[in-house]
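Written below as structure tokens is the structure these notes are about.
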Amino acid sequence: MDVHSIRKDFYILVNSDLVYLDNAASSLKPKPVIDMINFYNERLGVNVHRGVYRLSHEATELYEGAREKVAKLLNCRFEEVVFTRGTSSALNLVASSLGMQIIELGDEIITSELEHHSSMLPWQNVARKKNAKLVFVPLDEDKRITVENFKKVLSDKTKVVALNYISNAMGYITPIKEIIRLAHEKGAIVIVDSAQAAPHMPIDVKDLDCDFLAFSGHKMCGPTGIGVLYGKHHLLQTMEPVEFGGDMIDTVELSCATFKETPYKFETGTPIIGGAIGLGAAIDYINSIGYDFIMQQDNILRDYMLQEMKNINGITIYNPKTDTGIVSFNIDGVHPHDAATVFDQENVAIRAGHHCAQPLMRCLNQVATIRASTYFYNTKEDIDRFIQAIHKAKAFFDSFI
Amino acid sequence: MDVHSIRKDFYILVNSDLVYLDNAASSLKPKPVIDMINFYNERLGVNVHRGVYRLSHEATELYEGAREKVAKLLNCRFEEVVFTRGTSSALNLVASSLGMQIIELGDEIITSELEHHSSMLPWQNVARKKNAKLVFVPLDEDKRITVENFKKVLSDKTKVVALNYISNAMGYITPIKEIIRLAHEKGAIVIVDSAQAAPHMPIDVKDLDCDFLAFSGHKMCGPTGIGVLYGKHHLLQTMEPVEFGGDMIDTVELSCATFKETPYKFETGTPIIGGAIGLGAAIDYINSIGYDFIMQQDNILRDYMLQEMKNINGITIYNPKTDTGIVSFNIDGVHPHDAATVFDQENVAIRAGHHCAQPLMRCLNQVATIRASTYFYNTKEDIDRFIQAIHKAKAFFDSFI
Amino acid sequence: MAYGNLETLYRQVIMDHYKNPRNKGLKGDESFYTVHIKNPTCGDDLTIQIKVEDGRITEIYQDGVGCSISMSSASVMSETVKGMKIEDAIKVIDNYVHMVKGEAFDENLDMGDAIVYQGVSQFPQRFKCATIAWNALSKAIEKHLNCPYHKDEE
Amino acid sequence: MAYGNLETLYRQVIMDHYKNPRNKGLKGDESFYTVHIKNPTCGDDLTIQIKVEDGRITEIYQDGVGCSISMSSASVMSETVKGMKIEDAIKVIDNYVHMVKGEAFDENLDMGDAIVYQGVSQFPQRFKCATIAWNALSKAIEKHLNCPYHKDEE
Ligand SMILES: Cc1ncc(COP(=O)(O)O)c(C=O)c1O
Ligand SMILES: Cc1ncc(COP(=O)(O)O)c(C=O)c1O
């Protein structure tokens, strides 16, 4: 694999001077994925499942073929793949269906202050409605989730564990497999927010033995508006649908209705056809790159970035031990939004904000941080330009002192 | 406007022999819409709202610009437009948020047997959970919703009215404005399923005075996976979010959170960016065609189709008084799925099935019907081919007697 | 447009079975394994019942509503497997599914009239119609194998 | 990459106000109209208070956290409108918003130091930062107009 030939698949990387380091927010989309979305919109463009004509049949084959690709990617069954609007939607589905069914007064739900709001808030809502208790894994001094600390909060009351696989703000990999094993000893259900993991590392749900897992297309070379909820078949089977209507029913009487089997009972209305087909193409693309290469690139760029950043005085790195290409920092005395404008002037796209992780920001005593996040198409030259931009920002704001 | 030049915008209409008469399921997508989706995916491809860099700002402008276009289309305020996955999702949002908040034991919810499952089932669920009563407007002898029959079921107990604007199975236009006026006299909330109306006629929510209204992009030249919920501002303001997480919060504490203003509190997680931008382009496209032309085409084709069909013996038309280009029928003695295969052989795309309207099928004493539905790019030649296909199907199956 | 295709799908024998279904009507007898199966998308709805004695399907009944392909194939299926040993029926099901999918199949295996469904392979949209009865049979056999001495609860 | 742009955004006077904010700190006095405003996306959080006497803003205070553009503009805004008649303040708000949007505005209208925010028009991503304080002022004036004799409840 050669980064420079990979970069040719991305219009912006070829035709502009941009250094794109906001990959944890969304990745760029390569040509084969765009072409496939085009193919559906232009050559098919029709609805699925119910059409007897050929175009509809072809669209259905592509749509369900995308589900097959997801199943292969995760090592699960076809029927265990539910298409959703994205990670947030998938995580909410579990909370509002299973959560509202099983959580009772006094139960405990374990989550963490390292979570993305979309991993934690659906359960905060369930806890509030059911008078259950939201329990937070104490973070270690690096703000990391550890097995030891997880053990401190795990109890016989634990019904649900909702944690991230990779933190979008700190880039840590959660020791999720061991956590799942321990949680299962207590009979708890574990939901893994894999929005950041799916784009960056292989996931085997059978090996992890997680009960649910969610990710989004747009962070892994796919389109916006599509995501996946994986759920163990027997759990999905017991769950009530959360949306009712077309395409998910079996028989509709005036006063009651019966529903299709999973996954269809969770996919109400016309499916996200173009989105799912685009995600299928993204999975093919990522497989063609290979997770080995992706992880290797993340590591090389992370090491280089940290090494260069450590040579700069007057910046604070919040996660110097990051496991991935995600680095959070601030320039001392400069508000991250002011810094971000300098980065933009330098044509370096980073993110300044709370990264949908306000509780973590509070732990860090910051309103916001600057986050740079790499993907396989980034290069050391990108990091050089990023480092230069830090210097420029420092110099620029120092001039006002 | 000239149909033949319009048809050039649709790849399939130019490059194949297909007669596409399944428009009520999904419309085809024209080049300007495909180009715009491409533009976002290829030239921008990044996340919105939180990025300080230029690409993100541009994507945000396009995304919010699409909301502005919807607001203009419906004659409502910017903040009254919520983007959803589609009509089904939008209608479910109202039911599970507002419905679960306001419906109480003994309340009545009016709907009809003419509804698409997505209009009726969300309320069937609310009624079941809240021990409220689902009440059905009696259909007249044509299976139509009339103001007179609506009055028969409207009462002081009516809290919600959920009806379609145009029936997807029968093509009738509901006298919704008068129904809304009457419902409001009783203080009821009216939700209008406009999945079939938005593609075919201008909608003015101020003039209708409806409380909520929903439609999908994919039936009006836009992509799949995007739709709109319009809601009156003061109602949206009182509604609880149904999904919790990123992008919709104001402040997140460990035990509670506050949410953004509408519409953002209903758009959890990374938005459907490409979808909304595509819908924006679809609205521009439809405006360039003009609803006058669209309605004129629907009428011409409907009249021609019905006239030709009436000359065929041995078919039953279920909605000879259809108001739009939607015609439902069966060939006597031939199961609609068998007929559909002949249509497919003739390269005429129609739909055979229950059209997500099982209660209506029961009223018609049919398991399924064949539905042909036109859009502005269809021609009289399309209808001729369709009529030919009916003849072929009849002749083919007659040969077995 | 060539009609050859359509005629390979709708063979006379298929339409015969559609109009005059064999083994139609259900029994109240508890010694039958009963399977009810539906295709919610197209409305096909079929029930089949088998009686198994000494490892053979000695009786079989079917009833339902649906298109000519699904209803005729229920009739054809019932004739084909009636009297067959369970293991042979399993082989026929397997062979039939390969055939209608357009995959390689054993042309020498005797499937009776079921062979006329070969044309379905050119109509993938009708695959589900042609297999609903055979799926039901498969499930009924599964019921039998899981619980050879049961009295069916349905 | 030319730095001209950045320097039109971050003028010395802006950074001065950022480092030495004027009229900072809130009053417990009930005769003030108080407005608290936030930008949840970027975390800016600002409260302003005005006292209106005889149709004039006689006192104004502000406090909050945020970037240099939002915090400095709160300070500049407070200096600009202090002592102004309500109707003049409304004109300045309007003119200022046009200016930072890059639209036509009245260059002759006296806006004090607020004129230095003209550079924001080239940074649409920072538009919200530059207007948060002025929006808050606008809301405070609205409160006053809706209820000229009120004691603020906040
Ligand atoms: C009248 C009507 N309501 C609701 C829907 C559901 O729309 P969607 O499938 O896009 O959610 C449809 C179309 O399927 C429809 O025709
Ligand atoms: C860790 C994590 N969880 C959840 C999400 C939410 O994903 P989405 O915005 O695609 O719904 C994100 C990204 O925004 C994330 O990084």
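Within each chain, counting starts at residue 1; across the structure tokens, chains are named A, B, ... in the order shown, with ligands numbered 1 upward in that order.
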Using only C-alpha atoms, which chain D residues lie at most 7 Å away from chain B, written as a ChimeraX atom specification? /D:40-41,125
Once you have the residues from the selection above, write them out as a PDB file, in the first residue's frame, restricted to N, CA and C atoms.
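To be explicit, this is the file written out as out.pdb:
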ATOM      1  N   PRO D  40     -24.119  26.722  22.297  1.00  0.00           N
ATOM      2  CA  PRO D  40     -23.794  25.372  22.757  1.00  0.00           C
ATOM      3  C   PRO D  40     -22.721  24.709  21.901  1.00  0.00           C
ATOM      4  N   THR D  41     -22.639  25.117  20.652  1.00  0.00           N
ATOM      5  CA  THR D  41     -21.692  24.471  19.755  1.00  0.00           C
ATOM      6  C   THR D  41     -20.254  24.776  20.141  1.00  0.00           C
ATOM      7  N   GLN D 125     -17.127  31.966   9.538  1.00  0.00           N
ATOM      8  CA  GLN D 125     -17.190  30.980  10.619  1.00  0.00           C
ATOM      9  C   GLN D 125     -17.161  31.660  11.998  1.00  0.00           C
TER      10      GLN D 125
END
Select, as a VMD selection string, those residues of chain A with any atom no more than 7 Å from chain B (distances computed using only C-alpha atoms). chain A and resid 11 to 12 25 to 29 34 38 41 to 43 45 to 47 51 to 54 85 88 to 89 92 117 to 119 121 to 122 124 224 to 225 243 to 246 252 to 256 268 to 269 271 to 274 340 to 341 344 349 351 356 358 to 359
Kindly export the residues of the current selection with N, CA and C atoms, as a compact mmCIF listing (two decimals), in the first residue's frame.
# COMPACT_ATOMS: atom_id res chain seq x y z
N TYR A 11 -10.77 13.40 -4.08
CA TYR A 11 -10.73 14.61 -4.89
C TYR A 11 -10.00 15.76 -4.19
N ILE A 12 -10.37 15.98 -2.94
CA ILE A 12 -9.84 17.13 -2.22
C ILE A 12 -8.34 17.00 -1.98
N ALA A 25 -14.25 13.44 13.11
CA ALA A 25 -15.59 13.99 12.89
C ALA A 25 -16.24 13.31 11.69
N SER A 26 -15.56 13.31 10.57
CA SER A 26 -16.01 12.63 9.35
C SER A 26 -14.78 12.36 8.52
N SER A 27 -14.76 11.23 7.84
CA SER A 27 -13.67 11.01 6.90
C SER A 27 -14.07 11.56 5.55
N LEU A 28 -13.10 11.77 4.68
CA LEU A 28 -13.39 12.12 3.30
C LEU A 28 -13.91 10.86 2.59
N LYS A 29 -14.52 11.04 1.44
CA LYS A 29 -15.13 9.93 0.72
C LYS A 29 -14.40 9.67 -0.59
N ILE A 34 -18.22 7.17 -3.98
CA ILE A 34 -19.04 8.18 -4.67
C ILE A 34 -19.65 7.58 -5.93
N ASN A 38 -23.63 7.18 -6.81
CA ASN A 38 -24.08 7.62 -8.12
C ASN A 38 -24.79 6.55 -8.88
N ASN A 41 -28.22 6.08 -7.53
CA ASN A 41 -29.11 7.21 -7.78
C ASN A 41 -29.46 7.36 -9.26
N GLU A 42 -28.47 7.10 -10.12
CA GLU A 42 -28.66 7.37 -11.54
C GLU A 42 -29.24 6.17 -12.28
N ARG A 43 -28.67 4.98 -12.06
CA ARG A 43 -29.04 3.82 -12.86
C ARG A 43 -30.19 3.03 -12.27
N GLY A 45 -32.21 4.05 -8.64
CA GLY A 45 -33.02 5.17 -8.15
C GLY A 45 -34.40 4.79 -7.69
N VAL A 46 -34.67 3.50 -7.59
CA VAL A 46 -36.02 3.05 -7.26
C VAL A 46 -36.06 2.43 -5.86
N ASN A 47 -37.25 2.06 -5.44
CA ASN A 47 -37.44 1.50 -4.12
C ASN A 47 -37.11 0.01 -4.09
N GLY A 51 -40.85 -4.26 -5.09
CA GLY A 51 -41.02 -4.15 -6.54
C GLY A 51 -40.73 -5.47 -7.24
N VAL A 52 -41.61 -5.86 -8.14
CA VAL A 52 -41.40 -7.10 -8.87
C VAL A 52 -40.52 -6.85 -10.10
N TYR A 53 -40.34 -5.59 -10.49
CA TYR A 53 -39.57 -5.32 -11.71
C TYR A 53 -38.07 -5.36 -11.44
N ARG A 54 -37.35 -5.44 -12.54
CA ARG A 54 -35.92 -5.74 -12.41
C ARG A 54 -35.10 -4.69 -11.68
N ARG A 85 -29.74 5.56 10.97
CA ARG A 85 -29.27 6.83 10.42
C ARG A 85 -27.81 7.09 10.80
N SER A 88 -25.56 7.51 16.57
CA SER A 88 -26.44 8.10 17.59
C SER A 88 -27.81 7.43 17.54
N SER A 89 -28.31 7.27 16.35
CA SER A 89 -29.61 6.67 16.16
C SER A 89 -29.60 5.21 16.62
N ASN A 92 -29.49 5.05 20.44
CA ASN A 92 -30.80 5.42 20.97
C ASN A 92 -31.82 4.31 20.79
N HIS A 117 -21.46 12.15 23.88
CA HIS A 117 -22.83 12.35 24.37
C HIS A 117 -23.80 11.29 23.86
N SER A 118 -23.57 10.83 22.64
CA SER A 118 -24.50 9.87 22.04
C SER A 118 -24.44 8.49 22.69
N SER A 119 -23.37 8.22 23.40
CA SER A 119 -23.27 6.94 24.10
C SER A 119 -23.89 7.04 25.50
N LEU A 121 -26.01 9.87 26.83
CA LEU A 121 -27.31 10.53 27.05
C LEU A 121 -28.53 9.62 26.86
N PRO A 122 -28.50 8.69 25.90
CA PRO A 122 -29.68 7.81 25.81
C PRO A 122 -29.93 7.07 27.12
N GLN A 124 -28.83 8.16 30.15
CA GLN A 124 -29.22 9.15 31.16
C GLN A 124 -30.74 9.31 31.12
N THR A 224 -22.98 10.20 4.72
CA THR A 224 -23.71 10.58 5.94
C THR A 224 -25.09 9.93 5.90
N GLY A 225 -25.74 9.87 7.07
CA GLY A 225 -27.12 9.40 7.11
C GLY A 225 -27.25 7.88 7.09
N GLU A 243 -40.10 2.43 15.91
CA GLU A 243 -40.86 3.17 14.91
C GLU A 243 -41.79 2.19 14.20
N PHE A 244 -42.99 2.66 13.93
CA PHE A 244 -44.03 1.78 13.37
C PHE A 244 -44.46 2.30 12.01
N GLY A 245 -44.75 1.38 11.09
CA GLY A 245 -45.24 1.82 9.80
C GLY A 245 -44.89 0.89 8.67
N GLY A 246 -44.66 1.47 7.52
CA GLY A 246 -44.42 0.71 6.30
C GLY A 246 -43.19 -0.18 6.42
N VAL A 252 -51.45 -6.05 9.55
CA VAL A 252 -51.99 -4.86 10.20
C VAL A 252 -53.50 -5.01 10.33
N GLU A 253 -53.97 -5.06 11.56
CA GLU A 253 -55.40 -4.99 11.83
C GLU A 253 -55.67 -3.58 12.33
N LEU A 254 -56.93 -3.24 12.49
CA LEU A 254 -57.22 -1.88 12.92
C LEU A 254 -56.74 -1.61 14.34
N SER A 255 -56.80 -2.63 15.18
CA SER A 255 -56.45 -2.36 16.58
C SER A 255 -55.08 -2.92 16.97
N CYS A 256 -54.47 -3.69 16.09
CA CYS A 256 -53.16 -4.23 16.44
C CYS A 256 -52.41 -4.61 15.18
N THR A 268 -38.16 0.94 9.64
CA THR A 268 -39.49 1.39 9.26
C THR A 268 -39.44 2.33 8.06
N GLY A 269 -40.35 2.11 7.13
CA GLY A 269 -40.44 3.00 5.97
C GLY A 269 -39.43 2.65 4.91
N PRO A 271 -36.24 2.25 3.20
CA PRO A 271 -34.92 2.21 3.82
C PRO A 271 -33.98 3.30 3.29
N ILE A 272 -32.84 3.40 3.93
CA ILE A 272 -31.79 4.34 3.52
C ILE A 272 -31.02 3.64 2.41
N ILE A 273 -31.62 3.53 1.24
CA ILE A 273 -31.09 2.63 0.21
C ILE A 273 -29.74 3.11 -0.29
N GLY A 274 -29.71 4.35 -0.76
CA GLY A 274 -28.45 4.88 -1.27
C GLY A 274 -27.36 4.87 -0.20
N ALA A 340 -8.12 27.92 16.12
CA ALA A 340 -8.69 27.22 14.97
C ALA A 340 -8.72 28.10 13.73
N THR A 341 -8.94 29.39 13.95
CA THR A 341 -8.97 30.30 12.81
C THR A 341 -7.60 30.39 12.14
N ASP A 344 -7.17 27.33 10.14
CA ASP A 344 -7.94 27.43 8.90
C ASP A 344 -7.20 28.28 7.88
N ALA A 349 -7.29 21.55 8.53
CA ALA A 349 -8.61 21.36 9.13
C ALA A 349 -8.48 20.53 10.39
N ARG A 351 -10.35 20.32 14.61
CA ARG A 351 -11.59 20.64 15.29
C ARG A 351 -11.29 21.31 16.63
N CYS A 356 -18.40 16.82 21.67
CA CYS A 356 -19.56 16.10 22.21
C CYS A 356 -19.16 15.29 23.43
N GLN A 358 -18.74 16.88 26.89
CA GLN A 358 -18.66 17.92 27.93
C GLN A 358 -18.20 17.37 29.28
N PRO A 359 -18.69 16.20 29.69
CA PRO A 359 -18.20 15.69 30.99
C PRO A 359 -16.68 15.53 31.00
Can you measure atom CA of Ala66 of chain B to atom CA of Val82 of chain B for me? One decimal in Å is fine.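 That distance, rounded to one decimal, is 11.1 Å.
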Using DSSP on the backbone coordinates, identify all residues within chain C classified as strand (DSSP E); present the result as a tab-separated table (two decimals) with C-alpha atoms, in the first residue's frame.
chain	number	residue	atom	x	y	z
C	33	TYR	CA	-46.65	-31.33	11.93
C	34	THR	CA	-48.12	-28.00	10.89
C	35	VAL	CA	-46.23	-25.00	9.57
C	36	HIS	CA	-47.75	-21.64	8.76
C	37	ILE	CA	-45.59	-19.30	6.72
C	38	LYS	CA	-46.13	-15.89	5.23
C	39	ASN	CA	-44.43	-13.43	2.99
C	44	ASP	CA	-48.53	-15.00	0.23
C	45	ASP	CA	-49.84	-17.05	3.10
C	46	LEU	CA	-49.46	-20.81	3.26
C	47	THR	CA	-49.99	-23.60	5.75
C	48	ILE	CA	-48.71	-27.11	5.22
C	49	GLN	CA	-49.14	-30.26	7.28
C	50	ILE	CA	-47.21	-33.47	7.13
C	51	LYS	CA	-47.63	-36.78	8.85
C	52	VAL	CA	-44.45	-38.79	9.32
C	53	GLU	CA	-44.56	-42.54	9.84
C	56	ARG	CA	-41.70	-41.36	5.55
C	57	ILE	CA	-44.06	-38.50	4.73
C	58	THR	CA	-47.22	-40.54	4.52
C	59	GLU	CA	-49.68	-37.68	4.33
C	60	ILE	CA	-49.38	-34.04	3.35
C	61	TYR	CA	-51.88	-31.21	3.06
C	62	GLN	CA	-51.61	-27.58	2.10
C	63	ASP	CA	-53.79	-24.50	2.03
C	64	GLY	CA	-53.28	-20.82	1.46
C	65	VAL	CA	-53.59	-17.78	-0.73
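Every protein, DNA or RNA residue with an atom at most 9 Å from Ile14 of chain D, where only C-alpha atoms count and chain neighbours fewer than 6 positions away do not, is listed here: Ser68, Ile69, Ser72, Ser73, Val76, Asp113, Val116 and Tyr117 of chain D.
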Convert the current residue selection to file output with C-alpha atoms, as a compact mmCIF listing (two decimals), in the first residue's frame.
# COMPACT_ATOMS: atom_id res chain seq x y z
CA SER D 68 -11.22 36.56 22.05
CA ILE D 69 -13.70 37.65 19.41
CA SER D 72 -13.74 41.40 23.33
CA SER D 73 -16.87 42.28 21.42
CA VAL D 76 -16.47 46.85 23.03
CA ASP D 113 -14.38 50.77 18.50
CA VAL D 116 -12.72 47.24 14.07
CA TYR D 117 -14.83 44.10 13.72
List the spatial neighbours of Glu308 of chain A as a ChimeraX atom specification - criterion: any atom at most 9 Å away, only C-alpha atoms, same-chain residues fewer than 5 positions off excluded. /A:303,383-384,387
For the selection just defined, write its residues with all heavy atoms to a file, as a PDB file, in the first residue's frame.
ATOM      1  N   ASP A 303       2.875   8.799  16.387  1.00  0.00           N
ATOM      2  CA  ASP A 303       4.203   8.905  16.995  1.00  0.00           C
ATOM      3  C   ASP A 303       4.921  10.171  16.524  1.00  0.00           C
ATOM      4  O   ASP A 303       5.502  10.909  17.319  1.00  0.00           O
ATOM      5  CB  ASP A 303       5.052   7.675  16.627  1.00  0.00           C
ATOM      6  CG  ASP A 303       4.554   6.420  17.337  1.00  0.00           C
ATOM      7  OD1 ASP A 303       3.710   6.552  18.263  1.00  0.00           O
ATOM      8  OD2 ASP A 303       4.978   5.310  16.963  1.00  0.00           O
ATOM      9  N   ILE A 383       1.461  16.270   8.804  1.00  0.00           N
ATOM     10  CA  ILE A 383       1.806  16.571  10.201  1.00  0.00           C
ATOM     11  C   ILE A 383       2.746  17.771  10.261  1.00  0.00           C
ATOM     12  O   ILE A 383       2.598  18.639  11.137  1.00  0.00           O
ATOM     13  CB  ILE A 383       2.457  15.342  10.881  1.00  0.00           C
ATOM     14  CG1 ILE A 383       1.566  14.101  10.743  1.00  0.00           C
ATOM     15  CG2 ILE A 383       2.771  15.641  12.341  1.00  0.00           C
ATOM     16  CD1 ILE A 383       0.213  14.198  11.388  1.00  0.00           C
ATOM     17  N   ASP A 384       3.696  17.846   9.328  1.00  0.00           N
ATOM     18  CA  ASP A 384       4.598  18.994   9.302  1.00  0.00           C
ATOM     19  C   ASP A 384       3.815  20.295   9.168  1.00  0.00           C
ATOM     20  O   ASP A 384       4.086  21.276   9.865  1.00  0.00           O
ATOM     21  CB  ASP A 384       5.588  18.864   8.134  1.00  0.00           C
ATOM     22  CG  ASP A 384       6.610  17.750   8.373  1.00  0.00           C
ATOM     23  OD1 ASP A 384       6.829  17.397   9.554  1.00  0.00           O
ATOM     24  OD2 ASP A 384       7.163  17.225   7.391  1.00  0.00           O
ATOM     25  N   ILE A 387       2.108  21.064  12.398  1.00  0.00           N
ATOM     26  CA  ILE A 387       3.048  21.585  13.405  1.00  0.00           C
ATOM     27  C   ILE A 387       3.392  23.050  13.112  1.00  0.00           C
ATOM     28  O   ILE A 387       3.383  23.904  14.012  1.00  0.00           O
ATOM     29  CB  ILE A 387       4.332  20.720  13.427  1.00  0.00           C
ATOM     30  CG1 ILE A 387       4.009  19.277  13.857  1.00  0.00           C
ATOM     31  CG2 ILE A 387       5.408  21.342  14.323  1.00  0.00           C
ATOM     32  CD1 ILE A 387       3.588  19.113  15.298  1.00  0.00           C
TER      33      ILE A 387
END
With distances taken over only C-alpha atoms and all ligand atoms, which of A:Leu163, A:Ile289, A:Ala195, A:Ala59 is nearest to ligand 2? A:Ala195
Between B:Asp140, B:Glu115, B:Asp207, B:Glu148, which has the minimum distance to ligand 1 (counting only C-alpha atoms and all ligand atoms)?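 The answer is B:Glu115, which sits nearest to ligand 1.
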Can you pull out every residue within 10 Å of Gly112 of chain D, counting only C-alpha atoms, but drop anything in the same chain fewer than 4 positions away, and send it as a list in words? Val76, Met77, Glu79, Thr80, Val81, Val92 and Val116 of chain D
Generate a file of the selected residues that holds N, CA, C and O atoms, formatted as a compact mmCIF listing (two decimals), in the first residue's frame.
# COMPACT_ATOMS: atom_id res chain seq x y z
N VAL D 76 -16.34 45.72 23.97
CA VAL D 76 -16.47 46.85 23.03
C VAL D 76 -17.93 47.29 22.95
O VAL D 76 -18.23 48.50 22.99
N MET D 77 -18.82 46.33 22.86
CA MET D 77 -20.25 46.65 22.77
C MET D 77 -20.66 47.47 23.99
O MET D 77 -21.35 48.49 23.87
N GLU D 79 -18.96 49.39 25.90
CA GLU D 79 -18.46 50.78 25.84
C GLU D 79 -19.19 51.60 24.80
O GLU D 79 -19.46 52.79 25.00
N THR D 80 -19.48 50.91 23.68
CA THR D 80 -20.11 51.63 22.56
C THR D 80 -21.50 52.16 22.92
O THR D 80 -21.84 53.29 22.60
N VAL D 81 -22.28 51.30 23.60
CA VAL D 81 -23.69 51.70 23.77
C VAL D 81 -23.96 52.36 25.12
O VAL D 81 -25.06 52.89 25.33
N VAL D 92 -27.35 50.96 15.94
CA VAL D 92 -25.96 50.49 15.94
C VAL D 92 -25.92 48.96 15.82
O VAL D 92 -25.11 48.40 15.07
N VAL D 116 -13.87 48.11 14.36
CA VAL D 116 -12.72 47.24 14.07
C VAL D 116 -13.14 45.80 13.79
O VAL D 116 -12.31 44.99 13.35
Mind checking DSSP for chain C and telling me the helix (DSSP H, G or I) residues as number ranges by chain? C: 4-9, 12-19, 68-81, 86-101, 112-122, 124-146
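Between Gln237 of chain B and the candidates B:Phe266, B:Leu114, B:Ser399, B:Val205, the tightest atom-to-atom separation, counting only C-alpha atoms, involves B:Phe266.
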